[in-house]
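Student: Once you've had a glance at the structure underneath, I'll fire off some questions.
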Amino acid sequence: MKMPRLTASIFRDLIIYMVFFGLLMGLAFPTLMTWLGFDADSVYTLKFFVASMLAGVVMGAINFFWVNVTVRPHLRLLADRMKGIETVLKHTIAQEGWSTACENRTCFIEENSADEIGASAQSFNALLRALVKSHDMETTLKELSNTLSSSLELSEMGEAALRMMTQRTNSSAGCLFIEDKGSLSLVANLGIQDTTKLSKDPFVLYCMDVGRLERINLPEDVEVNALLASFRPKEMLVMPILYKEKSQGVLVLASALGYSDDDYVLINLFGQGLGMAMSNAQTHDRLQDLAAMDPLTDIYNRRFGLNRLREEFQRAQRSQLPLAVVMIDLDHFKSINDTYGHLMGDRVLIEVSKVVRDALRDEDILIRYGGEEMLMVLPGADLQTGISIADRVRRLIEDVELLDEKGKRLPITASMGVSAVPRAFTENELQLIKAADDALYQAKAAGRNRVLSTR
């Protein structure tokens, strides 16, 4: 390598300089002797000049030997370490990283003196540590970036990012909130006991509003309210998640040991990427909602709703659990459109959809099947339960109060057909819908505003 050849050249020149310096000293020594008062006739002789020059050469050789013994090994060690680092860069950076490759200190120089050589070793080691730290920071940021871009599902992305942040810093616990309609909604949690209380904490809300990261050091004699589980924090970080200078949410981290400056820098950099990732995830969720929802009634559209029904039907078959569906059709809806206009018809659909949606459980599914027809999907409900729910919804629809332009109440009723598995012998979800549709037509034929089922 170039470094050893450069070192050899320096020492070759050092030999020449020392010999030349010795010769000069030998030539100058007789003059010095006469200046000190020695007899010039005795000093300025060939024999004395030769002896002085030989003495100078010997001193130069001794100096060279001393430098070669004391200085050269340190320079050789420096060259060898630099060569070793080059090997690390070529062969281990991609596989294990600098920290792992140099953890046995083969890359570092022993600092065993307080002179210039020791200072050189200290500077070399400091430079190497800075390189290792820089590379590790870059690697961590790449991993975080890959984590943030690995999923557009907000909860999945948030959990993975929070887990990595606690592993890469001194964090012992943390949680991530997203701003949703003026309040904080939990995205991910790791070790925080009372996230609801934390989401309403005035200091957390203040940090998000002002968009500034705050470090909170907690002395041992200060009591902390019971927001954290299994440990007492020494330091907390509250960091707003910003994107285009707008708060997307807030990240709260707690450490039992405290945070280093490197942790602080990493968390700051992480927050910048997290803001964009959360914004992208929210945009994705909104697009998913637009693709899934009927724009008028704000319930599932037919395409998305039938996919959800297929999933529930397959789950019911695997788990041998019941599943009921209810087909709803508004009575005389065409006459409402013809008499009062389509805007009034839209108002009827919006109000009825709201009433039905509010009457269902969280796990139930409401689909706009087409026109004035709706389909309720009731996981875990058998036929009798489906009939009971349908009749309760029918009465709620009958109680809906909408007034025409003259202040007269519109009569709104609905007919419903119910089918369920395993009561209905169906091979797929479409046959289950057909069974409910057949029951619906029987209800209409029987006089409307009633619930009938397949038997």
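Naming works like this for the structure tokens: A, B, ... for the chains as they're shown, residue 1 at the start of each chain, ligands 1 onward in shown order.
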Residues near Val238 of chain A, anyone? I mean within 6 Å using only C-alpha atoms, not counting same-chain ones fewer than 3 positions away, as an mmCIF file with C-alpha atoms, in the first residue's frame.
Tutor:
```cif
data_model
loop_
_atom_site.group_PDB
_atom_site.id
_atom_site.type_symbol
_atom_site.label_atom_id
_atom_site.label_comp_id
_atom_site.auth_asym_id
_atom_site.auth_seq_id
_atom_site.Cartn_x
_atom_site.Cartn_y
_atom_site.Cartn_z
ATOM 1 C CA LEU A 213 -39.512 19.057 20.695
ATOM 2 C CA GLU A 214 -39.212 19.156 24.486
ATOM 3 C CA LEU A 251 -44.352 11.046 19.586
ATOM 4 C CA VAL A 252 -43.743 10.483 23.302
#
```
Student: Smallest atom-to-atom distance to Ala390 of chain A: which of A:Ala316, A:Leu378, A:Leu330, A:Ile241, using only C-alpha atoms?
Tutor: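 Closest residue, counting only C-alpha atoms: A:Leu378.
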Student: Which is closest to Lys47 of chain A among A:Pro30, A:Ile389, A:Leu410, A:Val352, if we use only C-alpha atoms?
Tutor: A:Pro30
Student: If DSSP is run on the backbone, what residues of segment 175-417 of chain A are strand (DSSP E)? A reply as a PyMOL selection string would be ideal.
Tutor: chain A and resi 175-180+183-190+214-217+235-243+246-255+323-330+365-370+373-379+414-417
Student: Which one of A:Ser453, A:Thr31, A:Ser247, A:Asn307 sits closest to Leu430 of chain A if you count only C-alpha atoms?
Tutor: A:Asn307
Student: Tell me, which residues of segment 216-396 of chain A carry DSSP alpha helix (DSSP H), written as a ChimeraX atom specification?
Tutor: /A:261-292,302-319,333-340,342-359,383-396
Student: Quick one: pull the distance between atom CA of Glu427 of chain A and atom CA of Ser388 of chain A, Å, one decimal.
Tutor: 24.6 Å
Student: Segment 368-371 of chain A: which residues within 12 Å, counting only C-alpha atoms, same-chain residues fewer than 4 positions away excluded, as an mmCIF file with N, CA, C and O atoms, in the first residue's frame?
Tutor:
```
data_model
loop_
_atom_site.group_PDB
_atom_site.id
_atom_site.type_symbol
_atom_site.label_atom_id
_atom_site.label_comp_id
_atom_site.auth_asym_id
_atom_site.auth_seq_id
_atom_site.Cartn_x
_atom_site.Cartn_y
_atom_site.Cartn_z
ATOM 1 N N ALA A 292 -64.191 2.860 -1.020
ATOM 2 C CA ALA A 292 -65.074 1.891 -0.374
ATOM 3 C C ALA A 292 -66.467 2.441 -0.084
ATOM 4 O O ALA A 292 -67.416 1.665 0.046
ATOM 5 N N MET A 293 -66.606 3.778 0.024
ATOM 6 C CA MET A 293 -67.852 4.343 0.516
ATOM 7 C C MET A 293 -68.727 4.883 -0.606
ATOM 8 O O MET A 293 -68.242 5.413 -1.612
ATOM 9 N N ASP A 294 -70.032 4.739 -0.396
ATOM 10 C CA ASP A 294 -70.997 5.363 -1.295
ATOM 11 C C ASP A 294 -71.036 6.861 -0.989
ATOM 12 O O ASP A 294 -71.217 7.245 0.177
ATOM 13 N N PRO A 295 -70.833 7.717 -1.993
ATOM 14 C CA PRO A 295 -70.700 9.155 -1.711
ATOM 15 C C PRO A 295 -71.963 9.808 -1.162
ATOM 16 O O PRO A 295 -71.878 10.803 -0.447
ATOM 17 N N LEU A 296 -73.132 9.261 -1.459
ATOM 18 C CA LEU A 296 -74.371 9.878 -0.999
ATOM 19 C C LEU A 296 -74.691 9.482 0.442
ATOM 20 O O LEU A 296 -74.943 10.332 1.298
ATOM 21 N N THR A 297 -74.680 8.196 0.729
ATOM 22 C CA THR A 297 -75.149 7.693 2.017
ATOM 23 C C THR A 297 -74.023 7.485 3.027
ATOM 24 O O THR A 297 -74.287 7.241 4.209
ATOM 25 N N ASP A 298 -72.765 7.520 2.587
ATOM 26 C CA ASP A 298 -71.603 7.318 3.452
ATOM 27 C C ASP A 298 -71.610 5.930 4.103
ATOM 28 O O ASP A 298 -71.166 5.752 5.234
ATOM 29 N N ILE A 299 -72.132 4.938 3.376
ATOM 30 C CA ILE A 299 -72.001 3.538 3.780
ATOM 31 C C ILE A 299 -71.251 2.808 2.667
ATOM 32 O O ILE A 299 -70.976 3.381 1.611
ATOM 33 N N TYR A 300 -70.874 1.558 2.909
ATOM 34 C CA TYR A 300 -70.090 0.826 1.914
ATOM 35 C C TYR A 300 -70.830 0.745 0.584
ATOM 36 O O TYR A 300 -72.050 0.513 0.540
ATOM 37 N N ASN A 301 -70.059 0.935 -0.513
ATOM 38 C CA ASN A 301 -70.659 0.739 -1.824
ATOM 39 C C ASN A 301 -70.763 -0.760 -2.121
ATOM 40 O O ASN A 301 -70.244 -1.609 -1.386
ATOM 41 N N ARG A 302 -71.416 -1.086 -3.212
ATOM 42 C CA ARG A 302 -71.722 -2.493 -3.503
ATOM 43 C C ARG A 302 -70.450 -3.315 -3.721
ATOM 44 O O ARG A 302 -70.322 -4.421 -3.183
ATOM 45 N N ARG A 303 -69.494 -2.795 -4.474
ATOM 46 C CA ARG A 303 -68.295 -3.573 -4.798
ATOM 47 C C ARG A 303 -67.498 -3.902 -3.535
ATOM 48 O O ARG A 303 -67.170 -5.058 -3.279
ATOM 49 N N PHE A 304 -67.217 -2.881 -2.745
ATOM 50 C CA PHE A 304 -66.433 -3.116 -1.531
ATOM 51 C C PHE A 304 -67.232 -3.931 -0.517
ATOM 52 O O PHE A 304 -66.698 -4.833 0.144
ATOM 53 N N GLY A 305 -68.528 -3.619 -0.395
ATOM 54 C CA GLY A 305 -69.352 -4.322 0.576
ATOM 55 C C GLY A 305 -69.469 -5.804 0.297
ATOM 56 O O GLY A 305 -69.435 -6.638 1.214
ATOM 57 N N LEU A 306 -69.611 -6.179 -0.982
ATOM 58 C CA LEU A 306 -69.706 -7.602 -1.317
ATOM 59 C C LEU A 306 -68.394 -8.327 -1.057
ATOM 60 O O LEU A 306 -68.399 -9.516 -0.711
ATOM 61 N N LEU A 309 -68.557 -9.016 2.560
ATOM 62 C CA LEU A 309 -69.492 -10.121 2.802
ATOM 63 C C LEU A 309 -68.827 -11.456 2.484
ATOM 64 O O LEU A 309 -69.002 -12.440 3.224
ATOM 65 N N VAL A 326 -79.549 -9.184 5.852
ATOM 66 C CA VAL A 326 -80.891 -8.597 5.770
ATOM 67 C C VAL A 326 -80.937 -7.677 4.554
ATOM 68 O O VAL A 326 -80.159 -6.725 4.458
ATOM 69 N N MET A 327 -81.817 -7.978 3.613
ATOM 70 C CA MET A 327 -82.033 -7.111 2.459
ATOM 71 C C MET A 327 -83.142 -6.122 2.784
ATOM 72 O O MET A 327 -84.228 -6.514 3.230
ATOM 73 N N ILE A 328 -82.861 -4.838 2.588
ATOM 74 C CA ILE A 328 -83.800 -3.764 2.919
ATOM 75 C C ILE A 328 -84.200 -3.050 1.636
ATOM 76 O O ILE A 328 -83.339 -2.702 0.815
ATOM 77 N N ASP A 329 -85.501 -2.809 1.480
ATOM 78 C CA ASP A 329 -85.974 -2.036 0.333
ATOM 79 C C ASP A 329 -87.022 -1.034 0.832
ATOM 80 O O ASP A 329 -87.980 -1.413 1.514
ATOM 81 N N LEU A 330 -86.808 0.247 0.517
ATOM 82 C CA LEU A 330 -87.752 1.281 0.946
ATOM 83 C C LEU A 330 -89.042 1.162 0.144
ATOM 84 O O LEU A 330 -89.025 1.061 -1.092
ATOM 85 N N PHE A 333 -90.607 4.006 -2.888
ATOM 86 C CA PHE A 333 -89.581 5.044 -3.026
ATOM 87 C C PHE A 333 -89.717 5.784 -4.362
ATOM 88 O O PHE A 333 -89.458 6.988 -4.440
ATOM 89 N N LYS A 334 -90.134 5.082 -5.387
ATOM 90 C CA LYS A 334 -90.297 5.734 -6.694
ATOM 91 C C LYS A 334 -91.350 6.838 -6.623
ATOM 92 O O LYS A 334 -91.174 7.918 -7.224
ATOM 93 N N ASN A 337 -89.802 9.987 -5.169
ATOM 94 C CA ASN A 337 -89.044 10.722 -6.187
ATOM 95 C C ASN A 337 -89.972 11.450 -7.151
ATOM 96 O O ASN A 337 -89.748 12.615 -7.516
ATOM 97 N N HIS A 342 -86.086 14.338 -6.819
ATOM 98 C CA HIS A 342 -84.939 13.484 -6.465
ATOM 99 C C HIS A 342 -84.139 14.028 -5.284
ATOM 100 O O HIS A 342 -83.507 13.252 -4.560
ATOM 101 N N GLY A 345 -85.741 12.573 -2.418
ATOM 102 C CA GLY A 345 -85.387 11.153 -2.395
ATOM 103 C C GLY A 345 -83.998 10.929 -1.816
ATOM 104 O O GLY A 345 -83.780 9.985 -1.044
ATOM 105 N N ASP A 346 -83.066 11.814 -2.193
ATOM 106 C CA ASP A 346 -81.709 11.704 -1.636
ATOM 107 C C ASP A 346 -81.715 11.938 -0.125
ATOM 108 O O ASP A 346 -81.003 11.253 0.624
ATOM 109 N N VAL A 348 -84.101 11.256 1.919
ATOM 110 C CA VAL A 348 -84.653 10.042 2.537
ATOM 111 C C VAL A 348 -83.574 8.974 2.658
ATOM 112 O O VAL A 348 -83.405 8.347 3.712
ATOM 113 N N LEU A 349 -82.815 8.761 1.577
ATOM 114 C CA LEU A 349 -81.754 7.744 1.602
ATOM 115 C C LEU A 349 -80.686 8.082 2.645
ATOM 116 O O LEU A 349 -80.205 7.205 3.370
ATOM 117 N N ILE A 350 -80.314 9.354 2.727
ATOM 118 C CA ILE A 350 -79.288 9.776 3.691
ATOM 119 C C ILE A 350 -79.761 9.550 5.113
ATOM 120 O O ILE A 350 -79.030 9.004 5.952
ATOM 121 N N VAL A 352 -82.264 7.569 6.259
ATOM 122 C CA VAL A 352 -82.474 6.149 6.562
ATOM 123 C C VAL A 352 -81.137 5.440 6.767
ATOM 124 O O VAL A 352 -80.980 4.622 7.686
ATOM 125 N N SER A 353 -80.152 5.744 5.934
ATOM 126 C CA SER A 353 -78.827 5.131 6.086
ATOM 127 C C SER A 353 -78.239 5.451 7.444
ATOM 128 O O SER A 353 -77.660 4.585 8.109
ATOM 129 N N LYS A 354 -78.395 6.698 7.883
ATOM 130 C CA LYS A 354 -77.868 7.101 9.184
ATOM 131 C C LYS A 354 -78.563 6.351 10.309
ATOM 132 O O LYS A 354 -77.911 5.864 11.262
ATOM 133 N N VAL A 356 -80.090 3.422 10.193
ATOM 134 C CA VAL A 356 -79.719 1.997 10.181
ATOM 135 C C VAL A 356 -78.289 1.822 10.691
ATOM 136 O O VAL A 356 -78.008 0.929 11.501
ATOM 137 N N ARG A 357 -77.374 2.660 10.228
ATOM 138 C CA ARG A 357 -75.972 2.544 10.643
ATOM 139 C C ARG A 357 -75.829 2.725 12.153
ATOM 140 O O ARG A 357 -75.078 1.993 12.807
ATOM 141 N N LEU A 375 -78.169 -3.579 2.238
ATOM 142 C CA LEU A 375 -77.916 -4.934 2.715
ATOM 143 C C LEU A 375 -77.166 -4.852 4.037
ATOM 144 O O LEU A 375 -76.105 -4.231 4.136
ATOM 145 N N MET A 376 -77.744 -5.460 5.077
ATOM 146 C CA MET A 376 -77.072 -5.558 6.371
ATOM 147 C C MET A 376 -76.400 -6.918 6.481
ATOM 148 O O MET A 376 -77.019 -7.945 6.201
ATOM 149 N N VAL A 377 -75.147 -6.926 6.903
ATOM 150 C CA VAL A 377 -74.396 -8.162 7.144
ATOM 151 C C VAL A 377 -74.124 -8.226 8.639
ATOM 152 O O VAL A 377 -73.507 -7.321 9.205
ATOM 153 N N ILE A 433 -77.467 -14.014 -0.393
ATOM 154 C CA ILE A 433 -78.155 -12.774 -0.766
ATOM 155 C C ILE A 433 -79.461 -13.088 -1.494
ATOM 156 O O ILE A 433 -80.498 -12.466 -1.237
ATOM 157 N N ASP A 437 -83.188 -11.927 -0.664
ATOM 158 C CA ASP A 437 -83.949 -11.170 -1.671
ATOM 159 C C ASP A 437 -85.302 -11.829 -1.929
ATOM 160 O O ASP A 437 -86.321 -11.134 -2.091
#
```
Student: From the set A:Glu372, A:Asp382, A:Glu156, A:Asp438, which residue has the shortest atom-to-atom contact distance to Val451 of chain A, counting only C-alpha atoms?
Tutor: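 The shortest atom-to-atom distance to Val451 of chain A comes from A:Asp438.
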Student: At what distance in Å, to one decimal, does atom CA of Leu366 of chain A lie from atom CA of Leu184 of chain A?
Tutor: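 Separation between atom CA of Leu184 of chain A and atom CA of Leu366 of chain A: 27.5 Å.
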